[in-house]
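Source file: data-v6.cif. Holds: mmCIF, C-alpha atoms.
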data_structure
loop_
_atom_site.label_atom_id
_atom_site.label_comp_id
_atom_site.auth_asym_id
_atom_site.auth_seq_id
_atom_site.Cartn_x
_atom_site.Cartn_y
_atom_site.Cartn_z
CA MET A 1 88.08 89.44 118.54
CA MET A 2 90.71 91.67 116.91
CA LEU A 3 92.13 90.00 113.79
CA PRO A 4 95.10 90.59 111.50
CA ALA A 5 94.45 92.28 108.16
CA VAL A 6 93.88 89.85 105.29
CA THR A 7 93.30 90.18 101.55
CA THR A 8 91.72 87.41 99.51
CA HIS A 9 92.84 87.15 95.87
CA ARG A 10 91.28 85.33 92.96
CA GLY A 11 92.59 81.88 92.26
CA THR A 12 91.77 78.31 91.33
CA GLY A 13 92.25 75.60 93.91
CA PRO A 14 92.32 75.31 97.69
CA PRO A 15 92.34 78.41 99.88
CA THR A 16 95.94 79.14 100.84
CA LEU A 17 97.12 81.44 103.63
CA PHE A 18 100.37 83.35 103.03
CA VAL A 19 102.28 84.48 106.16
CA HIS A 20 105.23 86.85 105.73
CA GLY A 21 108.22 87.38 108.02
CA PHE A 22 109.40 90.19 110.30
CA LEU A 23 109.32 93.71 108.74
CA ALA A 24 107.65 92.44 105.54
CA ALA A 25 103.97 92.75 104.55
CA GLN A 26 101.37 91.31 102.20
CA ALA A 27 103.28 92.88 99.30
CA TYR A 28 106.15 90.48 100.03
CA TRP A 29 104.31 87.84 98.00
CA MET A 30 103.82 89.99 94.86
CA PRO A 31 106.21 87.88 92.71
CA ASN A 32 104.37 84.70 93.65
CA LEU A 33 100.63 85.31 93.78
CA GLY A 34 100.01 85.50 90.05
CA ALA A 35 101.70 82.18 89.27
CA LEU A 36 100.28 80.38 92.30
CA ALA A 37 96.74 81.59 91.60
CA ASP A 38 96.67 78.80 89.00
CA VAL A 39 96.75 76.20 91.79
CA CYS A 40 95.23 77.96 94.82
CA GLN A 41 93.14 80.86 96.10
CA PRO A 42 95.61 83.13 97.96
CA VAL A 43 94.63 84.66 101.29
CA VAL A 44 97.39 87.03 102.38
CA MET A 45 97.77 88.37 105.92
CA ASP A 46 99.84 90.97 107.76
CA LEU A 47 101.40 89.99 111.07
CA TRP A 48 100.44 92.06 114.11
CA GLY A 49 101.93 95.55 113.93
CA HIS A 50 102.76 95.23 110.23
CA ALA A 51 101.24 97.47 107.53
CA ASP A 52 97.44 97.21 107.83
CA SER A 53 97.19 94.92 110.86
CA PRO A 54 96.50 96.34 114.32
CA SER A 55 98.82 96.16 117.32
CA PRO A 56 96.84 94.55 120.16
CA GLY A 57 97.57 95.84 123.63
CA ASP A 58 97.23 92.38 125.17
CA PRO A 59 100.64 90.59 125.15
CA SER A 60 98.90 87.20 124.88
CA ALA A 61 97.85 88.05 121.30
CA TYR A 62 101.51 87.86 120.28
CA THR A 63 102.14 84.41 121.74
CA MET A 64 102.09 81.45 119.39
CA ASP A 65 98.77 80.37 120.91
CA GLY A 66 97.44 83.88 120.30
CA PHE A 67 98.55 83.84 116.67
CA ALA A 68 97.11 80.35 116.15
CA ALA A 69 93.77 81.43 117.58
CA ALA A 70 93.66 84.51 115.34
CA ILE A 71 94.52 82.50 112.22
CA GLU A 72 91.90 79.91 113.11
CA GLN A 73 89.32 82.69 113.49
CA ILE A 74 90.23 84.00 110.02
CA ARG A 75 89.73 80.51 108.58
CA SER A 76 86.45 79.98 110.35
CA ALA A 77 85.07 83.39 109.37
CA ALA A 78 85.92 82.69 105.72
CA GLY A 79 84.07 79.36 105.87
CA TYR A 80 87.03 77.17 104.88
CA GLU A 81 87.09 73.66 106.30
CA GLU A 82 90.85 73.49 105.75
CA TRP A 83 93.56 75.30 103.83
CA VAL A 84 97.16 75.29 102.73
CA VAL A 85 99.62 77.54 104.58
CA VAL A 86 102.64 79.12 102.86
CA SER A 87 105.09 81.01 105.04
CA HIS A 88 108.47 82.72 105.34
CA SER A 89 111.01 83.32 108.14
CA LEU A 90 109.22 84.32 111.38
CA GLY A 91 105.99 83.60 109.53
CA SER A 92 107.18 80.00 109.18
CA ALA A 93 107.49 79.76 112.96
CA VAL A 94 103.93 81.05 113.28
CA ALA A 95 102.72 78.63 110.59
CA LEU A 96 104.46 75.63 112.18
CA HIS A 97 102.87 76.36 115.56
CA TYR A 98 99.46 76.78 113.89
CA ALA A 99 99.86 73.44 112.10
CA LEU A 100 100.89 71.77 115.35
CA ARG A 101 97.86 73.13 117.20
CA PHE A 102 95.30 72.68 114.40
CA PRO A 103 96.61 69.85 112.19
CA GLU A 104 93.14 68.98 110.95
CA ARG A 105 92.85 72.44 109.37
CA VAL A 106 96.13 72.37 107.41
CA MET A 107 96.06 70.43 104.14
CA ALA A 108 99.70 71.14 103.40
CA LEU A 109 102.42 73.44 104.74
CA VAL A 110 105.21 75.37 103.01
CA ILE A 111 108.08 76.79 105.07
CA THR A 112 111.25 78.63 104.14
CA ASN A 113 114.54 79.53 105.83
CA SER A 114 113.54 80.40 109.41
CA GLN A 115 116.21 80.96 112.01
CA SER A 116 113.52 81.73 114.58
CA ALA A 117 111.73 78.39 114.06
CA PHE A 118 114.83 76.18 113.99
CA ALA A 119 117.38 77.83 116.27
CA THR A 120 118.26 75.91 119.44
CA GLY A 121 120.53 76.29 122.46
CA ASP A 122 122.90 79.26 122.51
CA ALA A 123 121.80 80.42 119.05
CA ALA A 124 118.17 80.64 120.19
CA ASN A 125 119.14 82.41 123.43
CA THR A 126 121.23 84.94 121.51
CA MET A 127 118.38 85.60 119.08
CA VAL A 128 115.87 86.16 121.89
CA ALA A 129 118.24 88.45 123.78
CA GLY A 130 118.88 90.44 120.60
CA GLY A 131 115.14 90.76 120.05
CA ARG A 132 114.62 92.17 123.53
CA THR A 133 117.43 94.66 123.00
CA LEU A 134 115.89 95.78 119.70
CA ALA A 135 112.46 96.04 121.33
CA ASP A 136 113.91 98.38 123.97
CA ARG A 137 115.48 100.47 121.20
CA ILE A 138 112.11 100.64 119.41
CA ASP A 139 110.54 101.97 122.61
CA GLN A 140 113.12 104.77 122.63
CA GLN A 141 113.51 105.54 118.92
CA GLY A 142 110.38 104.30 117.16
CA MET A 143 110.90 103.18 113.57
CA ALA A 144 114.30 104.90 113.49
CA ALA A 145 115.52 101.82 115.38
CA PHE A 146 115.41 100.00 112.02
CA ASP A 147 117.48 102.48 110.02
CA GLY A 148 120.38 100.04 109.69
CA HIS A 149 118.44 96.80 110.04
CA PRO A 150 119.13 94.26 107.26
CA LEU A 151 115.40 93.53 106.85
CA ASN A 152 114.48 97.18 106.33
CA PRO A 153 113.14 97.22 102.74
CA ASN A 154 114.75 100.61 102.15
CA ARG A 155 118.03 98.68 102.10
CA GLY A 156 116.76 95.98 99.72
CA SER A 157 119.32 96.14 96.92
CA ARG A 158 118.05 92.87 95.37
CA LEU A 159 114.38 93.90 95.29
CA ALA A 160 112.66 94.67 92.00
CA PRO A 161 111.67 98.39 91.86
CA GLU A 162 107.88 97.88 92.03
CA LEU A 163 108.19 95.37 94.86
CA LYS A 164 110.59 97.62 96.79
CA GLU A 165 108.22 100.57 96.42
CA SER A 166 105.33 98.51 97.80
CA LEU A 167 107.34 97.12 100.71
CA VAL A 168 108.74 100.55 101.60
CA ALA A 169 105.20 101.96 101.61
CA ALA A 170 104.06 99.12 103.88
CA PHE A 171 107.08 99.63 106.14
CA ALA A 172 105.96 103.23 106.66
CA ARG A 173 102.67 101.91 108.08
CA HIS A 174 104.26 99.49 110.57
CA GLU A 175 103.49 100.29 114.21
CA PRO A 176 106.51 100.36 116.53
CA ALA A 177 104.53 99.07 119.53
CA GLY A 178 103.38 95.99 117.62
CA LEU A 179 106.88 95.23 116.32
CA ALA A 180 108.32 95.52 119.83
CA SER A 181 105.65 93.18 121.17
CA LEU A 182 106.47 90.61 118.48
CA LEU A 183 110.11 90.68 119.55
CA ARG A 184 109.22 90.36 123.23
CA HIS A 185 106.41 87.80 123.08
CA THR A 186 106.52 85.96 119.73
CA LEU A 187 110.23 85.42 119.19
CA PRO A 188 110.86 83.63 122.54
CA GLU A 189 108.19 81.03 121.62
CA ALA A 190 109.24 80.57 118.00
CA GLY A 191 111.35 77.42 118.32
CA THR A 192 109.82 74.19 117.01
CA VAL A 193 112.73 71.73 116.74
CA ASP A 194 111.67 69.66 119.75
CA ARG A 195 108.13 69.26 118.31
CA LEU A 196 108.83 68.56 114.63
CA GLY A 197 108.03 64.88 115.10
CA GLU A 198 104.44 65.84 115.95
CA LEU A 199 103.88 67.66 112.65
CA LYS A 200 101.09 65.98 110.65
CA PRO A 201 100.54 67.87 107.35
CA PRO A 202 102.78 67.17 104.36
CA THR A 203 105.45 69.86 104.39
CA LEU A 204 107.65 71.51 101.78
CA LEU A 205 110.85 73.31 102.76
CA THR A 206 111.87 75.76 100.04
CA TRP A 207 115.49 76.13 101.09
CA GLY A 208 117.50 79.14 99.97
CA VAL A 209 120.87 77.37 100.06
CA GLN A 210 122.92 80.58 99.76
CA GLU A 211 122.01 81.43 103.36
CA LYS A 212 124.65 79.23 105.00
CA ALA A 213 123.46 80.19 108.46
CA PHE A 214 120.36 78.08 107.82
CA ASP A 215 122.27 74.86 107.03
CA VAL A 216 121.74 73.61 110.59
CA GLY A 217 118.04 74.50 110.44
CA ALA A 218 117.61 72.64 107.16
CA ALA A 219 119.30 69.59 108.68
CA SER A 220 116.93 69.76 111.66
CA ALA A 221 113.93 69.92 109.34
CA ARG A 222 115.12 66.86 107.41
CA ALA A 223 115.73 64.93 110.62
CA GLY A 224 112.56 65.94 112.43
CA ILE A 225 109.71 66.23 109.90
CA ALA A 226 108.46 62.84 108.76
CA ASP A 227 106.48 63.93 105.67
CA LEU A 228 108.94 66.45 104.24
CA ARG A 229 109.87 67.47 100.72
CA VAL A 230 112.83 69.81 100.15
CA ALA A 231 113.35 72.16 97.20
CA GLU A 232 116.92 73.48 97.22
CA LEU A 233 116.95 76.83 95.41
CA ALA A 234 119.79 79.16 94.41
CA ALA A 235 118.64 81.92 96.75
CA GLY A 236 119.31 83.51 100.11
CA HIS A 237 116.97 84.18 103.01
CA ALA A 238 114.24 85.75 100.85
CA VAL A 239 113.99 82.63 98.69
CA ASN A 240 110.66 83.48 97.05
CA LEU A 241 112.04 86.88 95.97
CA HIS A 242 115.53 85.79 94.94
CA ASP A 243 114.27 82.87 92.83
CA PRO A 244 110.56 83.46 92.25
CA ALA A 245 110.39 81.11 89.27
CA GLY A 246 111.94 78.24 91.22
CA PHE A 247 109.82 78.96 94.29
CA ASN A 248 106.59 79.21 92.29
CA ALA A 249 107.31 75.96 90.43
CA ALA A 250 108.14 74.04 93.61
CA VAL A 251 105.20 75.36 95.62
CA GLY A 252 102.76 75.02 92.73
CA ALA A 253 103.71 71.39 92.17
CA PHE A 254 103.54 70.65 95.90
CA ILE A 255 100.07 72.14 96.30
CA SER A 256 98.81 70.24 93.26
CA GLU A 257 100.28 66.96 94.50
CA THR A 258 99.05 67.21 98.09
CA THR A 259 95.56 68.64 97.65
CA THR A 260 94.09 66.75 94.68
#
Could you write out this file's structure as structure tokens?
Amino acid sequence: MMLPAVTTHRGTGPPTLFVHGFLAAQAYWMPNLGALADVCQPVVMDLWGHADSPSPGDPSAYTMDGFAAAIEQIRSAAGYEEWVVVSHSLGSAVALHYALRFPERVMALVITNSQSAFATGDAANTMVAGGRTLADRIDQQGMAAFDGHPLNPNRGSRLAPELKESLVAAFARHEPAGLASLLRHTLPEAGTVDRLGELKPPTLLTWGVQEKAFDVGAASARAGIADLRVAELAAGHAVNLHDPAGFNAAVGAFISETTT
């Protein structure tokens, strides 16, 4: 079975999978891995089509069931009985679906601002339609379709120089076909609001409160997730990059509290 690329780092504590968002890569977690290695053993993956991960030709690989199966295979191959999952943006949608399908394998779950996971109604429909339009543009233009995209790391004015260099290098390795497939097959299945009541693992929302567009999503998380902690941080969408110290402290304390 084809699997996403993963890198296992040294650390003390439970194995912990880190799942980035759209157009990011394993390097996205650079400001966090050193601090969190004191409480966990980081296992960092690339989503399909991103950086060092392949772009499967089978559309079913990009569904939430396909992602969950691939993540479960990574866990099984590593010999972990269970692990913590830390995630961001579209990666949080993937992580939520994995935790819903395999709750016995997730000791604890960390999510961040994720429009894809928490959008409903017209907002969700607009997001999916926009994703299909962008996928068509990728088919025509390749990576040039992202020249003006807000998530393109080349435009990351708030990124530290070393981090920006690493993310730009990873961006150059992204495969257009895989990114288009994520937009066509992953994004339409990303929503979780109607299933939040089924979520079993203790969950931490690290909420970048400066992203006002996520206020509704944060309210849905509070209303729907029974075992939820919330860390409100002075950050935008990229909460772990905008406030790495606050993120690391909140996630480190959460992992320690829920896994010992």
query = So which residues get picked by the PyMOL selection byres ((chain A and resi 120-126) around 12) here, written as a count of residues only?
reply = 26
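Nearest residue to A:Ser166 among A:Leu233, A:Ala51, A:Leu151, A:Met1 is A:Ala51, counting all atoms listed in the file.
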task = Please identify all polymer residues lying at most 12 Å from the point (114.8, 102.8, 112.2) (file coordinates), using only C-alpha atoms, and present the result as a PyMOL selection string.
result = chain A and resi 23+134-135+137-155+171-172+174-176+179
ask   = Residues at most 6 Å from stretch 66-83 of chain A, counting only C-alpha atoms, excluding those fewer than 3 positions away in the same chain, as a ChimeraX atom specification?
value = /A:3,15-16,60-63,98,105-107
Resulting file, chosen residues, C-alpha atoms, as an mmCIF file, in the frame of the given file:
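Output file out.cif follows:
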data_model
loop_
_atom_site.group_PDB
_atom_site.id
_atom_site.type_symbol
_atom_site.label_atom_id
_atom_site.label_comp_id
_atom_site.auth_asym_id
_atom_site.auth_seq_id
_atom_site.Cartn_x
_atom_site.Cartn_y
_atom_site.Cartn_z
ATOM 1 C CA LEU A 3 92.130 90.000 113.790
ATOM 2 C CA PRO A 15 92.340 78.410 99.880
ATOM 3 C CA THR A 16 95.940 79.140 100.840
ATOM 4 C CA SER A 60 98.900 87.200 124.880
ATOM 5 C CA ALA A 61 97.850 88.050 121.300
ATOM 6 C CA TYR A 62 101.510 87.860 120.280
ATOM 7 C CA THR A 63 102.140 84.410 121.740
ATOM 8 C CA TYR A 98 99.460 76.780 113.890
ATOM 9 C CA ARG A 105 92.850 72.440 109.370
ATOM 10 C CA VAL A 106 96.130 72.370 107.410
ATOM 11 C CA MET A 107 96.060 70.430 104.140
#
Long-range neighbours of A:Glu211 as number ranges by chain, 10 Å cut-off, only C-alpha atoms, 4 positions minimum in chain = A: 113, 207, 215, 234-239
inquiry  = Applying 8 Å and only C-alpha atoms, which residues near A:Gly252 remain after dropping the ones on its own chain fewer than 4 positions away? List them as JSON, numbers by chain.
reply    = {"A": [36, 39, 248, 256]}
ask   = So which residues fall inside 12 Å of (92.0, 90.0, 91.6) if we count all atoms listed in the file? Mind giving them as a VMD selection string?
value = chain A and resid 7 to 12 33 to 34 37 41 to 43
Kindly add N, CA, C and O atoms to the incomplete stretch 213-226 of chain A and provide the output as a tab-separated table (two decimals), keeping the file's coordinate frame.
chain	number	residue	atom	x	y	z
A	213	ALA	N	123.84	80.22	107.05
A	213	ALA	CA	123.46	80.19	108.46
A	213	ALA	C	122.26	79.29	108.70
A	213	ALA	O	122.00	78.91	109.85
A	214	PHE	N	121.53	78.94	107.64
A	214	PHE	CA	120.36	78.08	107.82
A	214	PHE	C	120.68	76.62	107.55
A	214	PHE	O	119.79	75.77	107.64
A	215	ASP	N	121.93	76.26	107.29
A	215	ASP	CA	122.27	74.86	107.03
A	215	ASP	C	121.85	73.96	108.19
A	215	ASP	O	121.32	72.86	107.98
A	216	VAL	N	122.10	74.41	109.42
A	216	VAL	CA	121.74	73.61	110.59
A	216	VAL	C	120.22	73.47	110.69
A	216	VAL	O	119.70	72.39	110.99
A	217	GLY	N	119.49	74.56	110.41
A	217	GLY	CA	118.04	74.50	110.44
A	217	GLY	C	117.48	73.54	109.41
A	217	GLY	O	116.55	72.78	109.69
A	218	ALA	N	118.06	73.55	108.21
A	218	ALA	CA	117.61	72.64	107.16
A	218	ALA	C	117.85	71.19	107.57
A	218	ALA	O	117.01	70.31	107.33
A	219	ALA	N	119.00	70.94	108.21
A	219	ALA	CA	119.30	69.59	108.68
A	219	ALA	C	118.30	69.16	109.75
A	219	ALA	O	117.86	68.00	109.78
A	220	SER	N	117.93	70.08	110.63
A	220	SER	CA	116.93	69.76	111.66
A	220	SER	C	115.58	69.45	111.05
A	220	SER	O	114.87	68.54	111.50
A	221	ALA	N	115.21	70.19	110.01
A	221	ALA	CA	113.93	69.92	109.34
A	221	ALA	C	113.94	68.53	108.71
A	221	ALA	O	112.98	67.77	108.84
A	222	ARG	N	115.03	68.19	108.03
A	222	ARG	CA	115.12	66.86	107.41
A	222	ARG	C	115.04	65.75	108.45
A	222	ARG	O	114.41	64.71	108.22
A	223	ALA	N	115.69	65.96	109.58
A	223	ALA	CA	115.73	64.93	110.62
A	223	ALA	C	114.42	64.81	111.38
A	223	ALA	O	114.07	63.73	111.85
A	224	GLY	N	113.70	65.94	111.52
A	224	GLY	CA	112.56	65.94	112.43
A	224	GLY	C	111.19	65.80	111.80
A	224	GLY	O	110.25	65.34	112.44
A	225	ILE	N	111.03	66.23	110.53
A	225	ILE	CA	109.71	66.23	109.90
A	225	ILE	C	109.55	64.97	109.06
A	225	ILE	O	110.29	64.76	108.09
A	226	ALA	N	108.60	64.14	109.42
A	226	ALA	CA	108.46	62.84	108.76
A	226	ALA	C	108.05	62.99	107.30
A	226	ALA	O	108.64	62.38	106.40
